[in-house]
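To be precise, the following lines are entry_9.pdb, and they hold PDB, C-alpha atoms, pLDDT in the B column.
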ATOM      1  CA  PRO A 754      22.654   4.154  34.954  1.00 37.00           C
ATOM      2  CA  VAL A 755      20.052   2.249  36.897  1.00 39.00           C
ATOM      3  CA  ALA A 756      19.654  -1.435  36.160  1.00 40.00           C
ATOM      4  CA  VAL A 757      16.220  -2.689  35.309  1.00 43.00           C
ATOM      5  CA  LEU A 758      14.889  -5.335  37.659  1.00 43.00           C
ATOM      6  CA  ARG A 759      13.979  -8.446  35.762  1.00 45.00           C
ATOM      7  CA  SER A 760      11.875 -11.409  36.714  1.00 45.00           C
ATOM      8  CA  ARG A 761      11.482 -14.700  34.993  1.00 43.00           C
ATOM      9  CA  VAL A 762       8.062 -15.387  33.508  1.00 44.00           C
ATOM     10  CA  VAL A 763       7.308 -19.001  32.661  1.00 42.00           C
ATOM     11  CA  MET A 764       4.673 -19.825  30.094  1.00 44.00           C
ATOM     12  CA  ALA A 765       3.683 -23.499  29.859  1.00 43.00           C
ATOM     13  CA  SER A 766       3.086 -25.002  26.449  1.00 43.00           C
ATOM     14  CA  SER A 767       1.880 -28.465  25.565  1.00 40.00           C
ATOM     15  CA  SER A 768       5.299 -29.638  24.369  1.00 39.00           C
ATOM     16  CA  ARG A 769       7.799 -27.219  25.868  1.00 40.00           C
ATOM     17  CA  VAL A 770       8.248 -24.553  28.476  1.00 38.00           C
ATOM     18  CA  LEU A 771       8.933 -21.096  27.115  1.00 34.00           C
ATOM     19  CA  LEU A 772      11.008 -18.726  29.190  1.00 36.00           C
ATOM     20  CA  ARG A 773      10.681 -15.017  28.757  1.00 41.00           C
ATOM     21  CA  TRP A 774      12.322 -12.152  30.581  1.00 40.00           C
ATOM     22  CA  ALA A 775       9.981  -9.337  31.477  1.00 43.00           C
ATOM     23  CA  SER A 776      10.858  -6.068  33.091  1.00 47.00           C
ATOM     24  CA  THR A 777       8.849  -5.362  36.217  1.00 49.00           C
ATOM     25  CA  THR A 778       9.713  -1.671  36.573  1.00 60.00           C
ATOM     26  CA  GLN A 779      10.350   1.172  34.189  1.00 72.00           C
ATOM     27  CA  THR A 780      13.885   2.542  33.953  1.00 78.00           C
ATOM     28  CA  LEU A 781      14.810   5.720  35.730  1.00 80.00           C
ATOM     29  CA  GLY A 782      15.739   7.375  32.426  1.00 81.00           C
ATOM     30  CA  PHE A 783      12.304   6.649  31.026  1.00 82.00           C
ATOM     31  CA  ARG A 784      10.559   7.994  34.128  1.00 84.00           C
ATOM     32  CA  ARG A 785      12.665  11.192  34.108  1.00 85.00           C
ATOM     33  CA  ARG A 786      12.083  11.910  30.433  1.00 85.00           C
ATOM     34  CA  ALA A 787       8.378  11.144  30.676  1.00 84.00           C
ATOM     35  CA  ALA A 788       8.082  13.419  33.729  1.00 85.00           C
ATOM     36  CA  THR A 789      10.036  16.225  32.045  1.00 85.00           C
ATOM     37  CA  HIS A 790       8.530  16.124  28.559  1.00 83.00           C
ATOM     38  CA  GLY A 791       5.222  14.324  29.106  1.00 83.00           C
ATOM     39  CA  GLY A 792       3.628  12.989  25.931  1.00 83.00           C
ATOM     40  CA  GLU A 793       5.990  15.060  23.776  1.00 84.00           C
ATOM     41  CA  ALA A 794       8.824  12.686  24.752  1.00 84.00           C
ATOM     42  CA  PHE A 795       7.349  10.191  22.267  1.00 84.00           C
ATOM     43  CA  ARG A 796       7.110  12.562  19.296  1.00 86.00           C
ATOM     44  CA  PRO A 797       9.784  14.091  17.052  1.00 87.00           C
ATOM     45  CA  HIS A 798      10.092  17.882  17.358  1.00 84.00           C
ATOM     46  CA  PRO A 799      11.739  20.647  15.318  1.00 88.00           C
ATOM     47  CA  ARG A 800      15.099  22.059  16.343  1.00 87.00           C
ATOM     48  CA  GLU A 801      15.059  25.351  18.194  1.00 85.00           C
ATOM     49  CA  ASP A 802      17.875  26.933  16.168  1.00 85.00           C
ATOM     50  CA  GLY A 803      15.533  27.917  13.316  1.00 80.00           C
ATOM     51  CA  THR A 804      16.645  25.258  10.817  1.00 84.00           C
ATOM     52  CA  LYS A 805      14.177  22.981   9.116  1.00 85.00           C
ATOM     53  CA  ARG A 806      15.671  19.907  10.746  1.00 90.00           C
ATOM     54  CA  TRP A 807      13.874  17.716  13.246  1.00 90.00           C
ATOM     55  CA  LEU A 808      15.099  15.933  16.348  1.00 89.00           C
ATOM     56  CA  ARG A 809      14.190  12.379  17.113  1.00 89.00           C
ATOM     57  CA  PRO A 810      11.892  11.638  20.067  1.00 88.00           C
ATOM     58  CA  ALA A 811      13.423  11.600  23.543  1.00 85.00           C
ATOM     59  CA  LEU A 812      12.067   8.054  23.977  1.00 85.00           C
ATOM     60  CA  SER A 813      12.055   5.513  21.179  1.00 86.00           C
ATOM     61  CA  ARG A 814       8.919   3.785  19.911  1.00 86.00           C
ATOM     62  CA  ARG A 815      10.153   0.468  21.315  1.00 88.00           C
ATOM     63  CA  LYS A 816      10.608   1.904  24.806  1.00 86.00           C
ATOM     64  CA  TRP A 817       7.243   3.601  24.488  1.00 84.00           C
ATOM     65  CA  LYS A 818       5.459   0.320  23.754  1.00 87.00           C
ATOM     66  CA  VAL A 819       7.371  -1.605  26.428  1.00 88.00           C
ATOM     67  CA  ALA A 820       6.543   1.040  29.042  1.00 86.00           C
ATOM     68  CA  ARG A 821       2.854   0.970  28.151  1.00 88.00           C
ATOM     69  CA  LYS A 822       2.737  -2.818  28.472  1.00 89.00           C
ATOM     70  CA  GLN A 823       4.566  -2.653  31.810  1.00 88.00           C
ATOM     71  CA  ALA A 824       2.063  -0.108  33.090  1.00 87.00           C
ATOM     72  CA  LEU A 825      -0.793  -2.412  32.093  1.00 88.00           C
ATOM     73  CA  LEU A 826       0.858  -5.385  33.814  1.00 88.00           C
ATOM     74  CA  ASN A 827       1.745  -3.432  36.962  1.00 85.00           C
ATOM     75  CA  GLY A 828      -1.647  -1.758  37.259  1.00 86.00           C
ATOM     76  CA  THR A 829      -0.217   1.774  36.948  1.00 87.00           C
ATOM     77  CA  PHE A 830      -2.058   2.576  33.721  1.00 89.00           C
ATOM     78  CA  GLY A 831      -3.933   5.857  34.100  1.00 88.00           C
ATOM     79  CA  SER A 832      -1.491   7.457  36.556  1.00 87.00           C
ATOM     80  CA  PHE A 833       2.118   8.570  36.380  1.00 86.00           C
ATOM     81  CA  SER A 834       4.689   9.656  38.923  1.00 83.00           C
ATOM     82  CA  GLU A 835       8.443  10.011  38.554  1.00 82.00           C
ATOM     83  CA  GLU A 836       9.052   7.611  41.444  1.00 82.00           C
ATOM     84  CA  ALA A 837       6.645   4.817  40.467  1.00 81.00           C
ATOM     85  CA  GLY A 838       6.318   5.296  36.721  1.00 83.00           C
ATOM     86  CA  GLY A 839       3.072   4.466  34.964  1.00 85.00           C
ATOM     87  CA  TRP A 840       1.258   5.530  31.830  1.00 87.00           C
ATOM     88  CA  LEU A 841      -1.264   8.244  31.054  1.00 89.00           C
ATOM     89  CA  PRO A 842      -4.039   7.532  28.510  1.00 88.00           C
ATOM     90  CA  GLU A 843      -3.393  10.833  26.698  1.00 88.00           C
ATOM     91  CA  TRP A 844       0.038   9.509  25.699  1.00 87.00           C
ATOM     92  CA  ASP A 845      -1.609   6.851  23.550  1.00 86.00           C
ATOM     93  CA  GLU A 846      -1.372   7.483  19.840  1.00 82.00           C
ATOM     94  CA  VAL A 847      -4.703   8.142  18.155  1.00 81.00           C
ATOM     95  CA  LYS A 848      -4.599   7.176  14.514  1.00 84.00           C
ATOM     96  CA  GLU A 849      -6.515   9.199  11.959  1.00 88.00           C
ATOM     97  CA  PRO A 850      -9.486   7.430  10.416  1.00 91.00           C
ATOM     98  CA  ARG A 851      -8.576   5.853   7.126  1.00 91.00           C
ATOM     99  CA  ILE A 852     -10.701   6.873   4.175  1.00 92.00           C
ATOM    100  CA  LEU A 853     -11.580   3.915   1.994  1.00 93.00           C
ATOM    101  CA  TYR A 854     -11.647   4.476  -1.736  1.00 93.00           C
ATOM    102  CA  PRO A 855     -12.982   2.009  -4.302  1.00 93.00           C
ATOM    103  CA  HIS A 856     -10.370  -0.197  -5.934  1.00 93.00           C
ATOM    104  CA  LYS A 857      -8.797   1.161  -9.114  1.00 94.00           C
ATOM    105  CA  LYS A 858      -9.155  -2.191 -10.946  1.00 94.00           C
ATOM    106  CA  HIS A 859      -7.264  -3.222 -14.084  1.00 96.00           C
ATOM    107  CA  LYS A 860      -7.420  -0.982 -17.130  1.00 96.00           C
ATOM    108  CA  ARG A 861      -9.270  -3.647 -19.107  1.00 96.00           C
ATOM    109  CA  GLU A 862     -11.981  -3.674 -16.431  1.00 96.00           C
ATOM    110  CA  ARG A 863     -12.236   0.124 -16.295  1.00 95.00           C
ATOM    111  CA  THR A 864     -12.562   0.521 -20.087  1.00 97.00           C
ATOM    112  CA  ARG A 865     -14.771  -2.491 -20.731  1.00 97.00           C
ATOM    113  CA  GLU A 866     -18.005  -0.561 -21.361  1.00 97.00           C
ATOM    114  CA  ALA A 867     -16.327   1.910 -23.727  1.00 97.00           C
ATOM    115  CA  ARG A 868     -14.812  -0.953 -25.701  1.00 97.00           C
ATOM    116  CA  ALA A 869     -18.190  -2.736 -25.894  1.00 97.00           C
ATOM    117  CA  ASP A 870     -19.856   0.452 -27.200  1.00 98.00           C
ATOM    118  CA  LYS A 871     -17.102   0.878 -29.791  1.00 97.00           C
ATOM    119  CA  ILE A 872     -17.567  -2.725 -30.957  1.00 97.00           C
ATOM    120  CA  ASP A 873     -21.359  -2.289 -31.206  1.00 98.00           C
ATOM    121  CA  GLU A 874     -20.952   0.845 -33.336  1.00 97.00           C
ATOM    122  CA  ALA A 875     -18.449  -0.931 -35.586  1.00 97.00           C
ATOM    123  CA  MET A 876     -20.804  -3.910 -36.006  1.00 97.00           C
ATOM    124  CA  GLU A 877     -23.627  -1.622 -37.185  1.00 97.00           C
ATOM    125  CA  ILE A 878     -21.590  -0.386 -40.161  1.00 97.00           C
ATOM    126  CA  MET A 879     -19.948  -3.751 -40.842  1.00 97.00           C
ATOM    127  CA  PRO A 880     -22.369  -4.903 -43.638  1.00 97.00           C
ATOM    128  CA  ASP A 881     -21.635  -1.706 -45.605  1.00 97.00           C
ATOM    129  CA  LYS A 882     -17.864  -2.226 -45.202  1.00 97.00           C
ATOM    130  CA  ILE A 883     -18.137  -5.857 -46.362  1.00 97.00           C
ATOM    131  CA  ARG A 884     -20.187  -4.847 -49.405  1.00 97.00           C
ATOM    132  CA  GLU A 885     -17.682  -2.086 -50.263  1.00 97.00           C
ATOM    133  CA  TYR A 886     -14.736  -4.505 -49.917  1.00 97.00           C
ATOM    134  CA  ARG A 887     -16.363  -7.080 -52.187  1.00 97.00           C
ATOM    135  CA  ASP A 888     -17.055  -4.399 -54.803  1.00 96.00           C
ATOM    136  CA  THR A 889     -13.398  -3.281 -54.798  1.00 96.00           C
ATOM    137  CA  VAL A 890     -12.192  -6.886 -55.151  1.00 95.00           C
ATOM    138  CA  LYS A 891     -14.588  -7.449 -58.039  1.00 93.00           C
ATOM    139  CA  ALA A 892     -13.439  -4.209 -59.690  1.00 93.00           C
ATOM    140  CA  ARG A 893      -9.794  -5.315 -59.568  1.00 91.00           C
ATOM    141  CA  LYS A 894     -10.521  -8.484 -61.550  1.00 87.00           C
ATOM    142  CA  PRO A 895      -9.994  -8.128 -65.296  1.00 83.00           C
ATOM    143  CA  PRO A 896     -13.161  -8.281 -67.390  1.00 83.00           C
ATOM    144  CA  PRO A 897     -13.863 -11.717 -68.846  1.00 85.00           C
ATOM    145  CA  GLY A 898     -13.138 -12.222 -72.533  1.00 88.00           C
ATOM    146  CA  ILE A 899     -10.592 -13.332 -75.118  1.00 88.00           C
ATOM    147  CA  GLU A 900      -8.377 -10.295 -74.583  1.00 88.00           C
ATOM    148  CA  SER A 901      -7.718 -10.966 -70.909  1.00 85.00           C
ATOM    149  CA  LEU A 902      -7.178 -14.674 -71.675  1.00 85.00           C
ATOM    150  CA  ILE A 903      -4.470 -13.874 -74.207  1.00 86.00           C
ATOM    151  CA  LYS A 904      -2.803 -11.380 -71.840  1.00 84.00           C
ATOM    152  CA  ARG A 905      -2.825 -13.922 -69.053  1.00 83.00           C
ATOM    153  CA  LEU A 906      -1.395 -16.696 -71.212  1.00 85.00           C
ATOM    154  CA  GLY A 907       1.255 -14.328 -72.498  1.00 83.00           C
ATOM    155  CA  ARG A 908       2.479 -13.555 -69.036  1.00 82.00           C
ATOM    156  CA  ARG A 909       2.910 -17.214 -68.189  1.00 73.00           C
ATOM    157  CA  ARG A 910       6.430 -18.575 -68.144  1.00 68.00           C
ATOM    158  CA  ASN A 911       7.340 -22.165 -68.673  1.00 58.00           C
TER     159      ASN A 911
END

Using structure tokens, write down the structure that the file contains.
Amino acid sequence: PVAVLRSRVVMASSSRVLLRWASTTQTLGFRRRAATHGGEAFRPHPREDGTKRWLRPALSRRKWKVARKQALLNGTFGSFSEEAGGWLPEWDEVKEPRILYPHKKHKRERTREARADKIDEAMEIMPDKIREYRDTVKARKPPPGIESLIKRLGRRRN
């Protein structure tokens, strides 16, 4: 195992001094794997024994990002050698374009027009329904006269 050379980077702030450790060179293991596998070292790959299982990448995502940043800081971005390290632009991950769909909205917002149409249709037939209801209420009332008065008084309890 080869130790990574580290240097102290000091960043001045208005109230305090922040210390950060930054690696100045890429590890030998990283350089070997990147030289052997190339860009495939950063991607998972299927096992060669015919099973449906996958193997993790030879280099983790964290090491990938650290190595890219080191290459940018050291000026080795765009070239790679096993001795000096570096980073090749084709190793960068290209994300697929994201297709934007309209928002689904709440159900009350999606069905608002249908509900308004339903209410309008119901309001058109509402006078007929009111008239019909009043007629049924009037039909339930007993006819006026002495007979209904006697029946009503007979049902009363004191």

### Message
Could you list, as a list in words, every residue within 10 Å of Pro810 of chain A, counting all atoms listed in the file and ignoring same-chain residues fewer than 2 positions away?
### Response
Glu793, Ala794, Phe795, Arg796, Pro797, His798, Trp807, Leu808, Leu812, Ser813 and Arg814 of chain A

### Close residues, segment 815-829 of chain A itself excluded, 10 Å, all atoms listed in the file, min 2 positions apart in chain, as a PyMOL selection string
chain A and resi 775-780+783-784+787+794-795+812-813+831-834+837-842+844-845

### Message
What does the structure give for the distance between atom CA of Ala788 of chain A and atom CA of Ala811 of chain A, in Å to one decimal?
### Response
11.6 Å

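Of note, atom CA of Pro896 of chain A and atom CA of Arg884 of chain A are spaced 19.6 Å apart.
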
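For the set A:Thr889, A:Thr804, A:Glu836, A:Arg868, the residue with the smallest atom-to-atom gap to Leu781 of chain A is A:Glu836, counting all atoms listed in the file.
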
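The interatomic distance for the pair atom CA of Asp870 of chain A and atom CA of Tyr886 of chain A works out to 23.8 Å.
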